[in-house]
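Chemist: Input: one structure, supplied below.
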Amino acid sequence: MPRRGFFRAKIADYTAKIASGLIRPEDFDTPILARHVVKAVRNIGMQLRSVREGVLFCALCKRGPFTKKGYFLHLTRIHYSEILHLVDLESERISSSSKNAGF
Ligand SMILES: [Zn+2]
């Protein structure tokens, strides 16, 4: 479905932007995604941020070093479906843990 594809592309895009440091996690928010998905994008973005001695390396395949822009492109080109999968798992985790907490 094209509309679903649009959301998937946005999710991968923003996660990669946070991971590469192009935007800060707290700067990411959008009314088009559910709250727990926004949170999941922020969390996975931070998890994929791997900086060694001031330079970016890929948290998933250890390649690098990258510039911010380079890491962003690497993530969206090479790890697109992995990112979506990680965000899916994280948003499920968040929504089930908030249910368990009684929200
Ligand atoms: Zn990689």
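Letters A, B, ... go to the chains of the structure tokens in the order shown; residues in each chain start at 1; ligands are counted from 1 in the same order.
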Enumerate the residues of chain A with a DSSP assignment of helix (DSSP H, G or I), computed from the backbone, and present them as a ChimeraX atom specification.
Modeler: /A:2-20,25-27,35-47,68-78,80-100
Chemist: Print the selection's residues with C-alpha atoms to a file, as a PDB file, in the first residue's frame.
Modeler:
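New file out_28.pdb:
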```
ATOM      1  CA  PRO A   2       1.504   3.359  -0.992  1.00  0.00           C
ATOM      2  CA  ARG A   3       0.375   5.174   2.173  1.00  0.00           C
ATOM      3  CA  ARG A   4       1.926   2.554   4.404  1.00  0.00           C
ATOM      4  CA  GLY A   5       5.093   2.769   2.308  1.00  0.00           C
ATOM      5  CA  PHE A   6       5.194   6.499   2.939  1.00  0.00           C
ATOM      6  CA  PHE A   7       5.082   5.990   6.706  1.00  0.00           C
ATOM      7  CA  ARG A   8       7.751   3.269   6.528  1.00  0.00           C
ATOM      8  CA  ALA A   9      10.041   5.569   4.552  1.00  0.00           C
ATOM      9  CA  LYS A  10       9.558   8.386   7.097  1.00  0.00           C
ATOM     10  CA  ILE A  11      10.325   6.050   9.986  1.00  0.00           C
ATOM     11  CA  ALA A  12      13.568   4.807   8.397  1.00  0.00           C
ATOM     12  CA  ASP A  13      14.512   8.360   7.417  1.00  0.00           C
ATOM     13  CA  TYR A  14      14.093   9.877  10.878  1.00  0.00           C
ATOM     14  CA  THR A  15      15.709   6.950  12.682  1.00  0.00           C
ATOM     15  CA  ALA A  16      18.767   7.317  10.432  1.00  0.00           C
ATOM     16  CA  LYS A  17      18.809  11.115  10.951  1.00  0.00           C
ATOM     17  CA  ILE A  18      18.882  10.663  14.728  1.00  0.00           C
ATOM     18  CA  ALA A  19      21.493   7.883  14.513  1.00  0.00           C
ATOM     19  CA  SER A  20      23.802   9.998  12.382  1.00  0.00           C
ATOM     20  CA  PRO A  25      16.088  12.794  19.219  1.00  0.00           C
ATOM     21  CA  GLU A  26      14.115  15.458  21.089  1.00  0.00           C
ATOM     22  CA  ASP A  27      13.739  17.436  17.855  1.00  0.00           C
ATOM     23  CA  ARG A  35       3.140   8.175  20.197  1.00  0.00           C
ATOM     24  CA  HIS A  36       4.771   4.824  20.824  1.00  0.00           C
ATOM     25  CA  VAL A  37       6.180   4.813  17.280  1.00  0.00           C
ATOM     26  CA  VAL A  38       7.706   8.277  17.778  1.00  0.00           C
ATOM     27  CA  LYS A  39       9.312   7.011  20.990  1.00  0.00           C
ATOM     28  CA  ALA A  40      10.578   3.883  19.236  1.00  0.00           C
ATOM     29  CA  VAL A  41      12.170   5.972  16.453  1.00  0.00           C
ATOM     30  CA  ARG A  42      13.996   8.064  19.088  1.00  0.00           C
ATOM     31  CA  ASN A  43      15.175   5.002  21.024  1.00  0.00           C
ATOM     32  CA  ILE A  44      16.421   3.072  18.003  1.00  0.00           C
ATOM     33  CA  GLY A  45      18.025   6.219  16.591  1.00  0.00           C
ATOM     34  CA  MET A  46      20.019   6.561  19.825  1.00  0.00           C
ATOM     35  CA  GLN A  47      20.893   2.852  19.879  1.00  0.00           C
ATOM     36  CA  LYS A  68      27.018  12.388   9.498  1.00  0.00           C
ATOM     37  CA  LYS A  69      25.608  12.567   5.991  1.00  0.00           C
ATOM     38  CA  GLY A  70      27.524   9.454   4.955  1.00  0.00           C
ATOM     39  CA  TYR A  71      26.190   7.436   7.888  1.00  0.00           C
ATOM     40  CA  PHE A  72      22.660   8.633   7.170  1.00  0.00           C
ATOM     41  CA  LEU A  73      22.937   7.443   3.554  1.00  0.00           C
ATOM     42  CA  HIS A  74      24.560   4.158   4.600  1.00  0.00           C
ATOM     43  CA  LEU A  75      21.763   3.393   7.083  1.00  0.00           C
ATOM     44  CA  THR A  76      18.916   4.224   4.705  1.00  0.00           C
ATOM     45  CA  ARG A  77      20.485   2.364   1.755  1.00  0.00           C
ATOM     46  CA  ILE A  78      22.018  -0.698   3.391  1.00  0.00           C
ATOM     47  CA  TYR A  80      16.529   0.127   5.547  1.00  0.00           C
ATOM     48  CA  SER A  81      14.576  -3.035   6.360  1.00  0.00           C
ATOM     49  CA  GLU A  82      16.645  -3.780   9.493  1.00  0.00           C
ATOM     50  CA  ILE A  83      15.835  -0.310  10.840  1.00  0.00           C
ATOM     51  CA  LEU A  84      12.125  -0.815  10.219  1.00  0.00           C
ATOM     52  CA  HIS A  85      12.278  -4.188  11.930  1.00  0.00           C
ATOM     53  CA  LEU A  86      14.075  -2.727  14.987  1.00  0.00           C
ATOM     54  CA  VAL A  87      11.566   0.135  15.237  1.00  0.00           C
ATOM     55  CA  ASP A  88       8.692  -2.366  14.957  1.00  0.00           C
ATOM     56  CA  LEU A  89      10.076  -4.467  17.814  1.00  0.00           C
ATOM     57  CA  GLU A  90      10.732  -1.386  19.941  1.00  0.00           C
ATOM     58  CA  SER A  91       7.270   0.101  19.409  1.00  0.00           C
ATOM     59  CA  GLU A  92       5.688  -3.253  20.323  1.00  0.00           C
ATOM     60  CA  ARG A  93       7.835  -3.347  23.448  1.00  0.00           C
ATOM     61  CA  ILE A  94       6.818   0.207  24.399  1.00  0.00           C
ATOM     62  CA  SER A  95       3.114  -0.312  23.801  1.00  0.00           C
ATOM     63  CA  SER A  96       3.009  -3.604  25.724  1.00  0.00           C
ATOM     64  CA  SER A  97       5.048  -2.239  28.637  1.00  0.00           C
ATOM     65  CA  SER A  98       2.780   0.819  28.944  1.00  0.00           C
ATOM     66  CA  LYS A  99      -0.262  -1.514  28.963  1.00  0.00           C
ATOM     67  CA  ASN A 100       1.347  -3.536  31.743  1.00  0.00           C
TER      68      ASN A 100
END
```
Chemist: Can you tell me which residues come within 6 Å of ligand 1 when counting only C-alpha atoms and all ligand atoms, ideally as a PDB file with C-alpha atoms, in the first residue's frame?
Modeler:
```pdb
ATOM      1  CA  CYS A  58      27.871   1.680  11.741  1.00  0.00           C
ATOM      2  CA  LEU A  60      24.905  -2.746  12.651  1.00  0.00           C
ATOM      3  CA  CYS A  61      27.779  -3.829  10.384  1.00  0.00           C
ATOM      4  CA  ARG A  63      31.740  -0.259   8.759  1.00  0.00           C
TER       5      ARG A  63
END
```
Chemist: Please indicate the distance in Å from CA of Arg49 in chain A to CA of Thr30 in chain A, rounded to one decimal place.
Modeler: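 For CA of Arg49 in chain A relative to CA of Thr30 in chain A, the distance reads 21.2 Å.
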Chemist: Could you state the separation of CA of Ala34 in chain A and CA of His79 in chain A in Å, given to one decimal place?
Modeler: 22.8 Å
Chemist: Within chain A, find each residue whose DSSP state, derived from the backbone, is strand (DSSP E), and express the selection as a list in words.
Modeler: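 Reading the DSSP output for chain A, strand (DSSP E) covers Arg49, Ser50, Val51, Arg52, Val55, Leu56, Phe57 and Cys58 of chain A.
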Chemist: Would you mind listing what lies within 6 Å of Ala59 in chain A as a ChimeraX atom specification, with only C-alpha atoms counted and same-chain residues fewer than 3 positions away left out?
Modeler: /A:48,50,62
Chemist: How many Å separate CA of Phe28 in chain A from CA of Gly54 in chain A?
Modeler: 23.2 Å
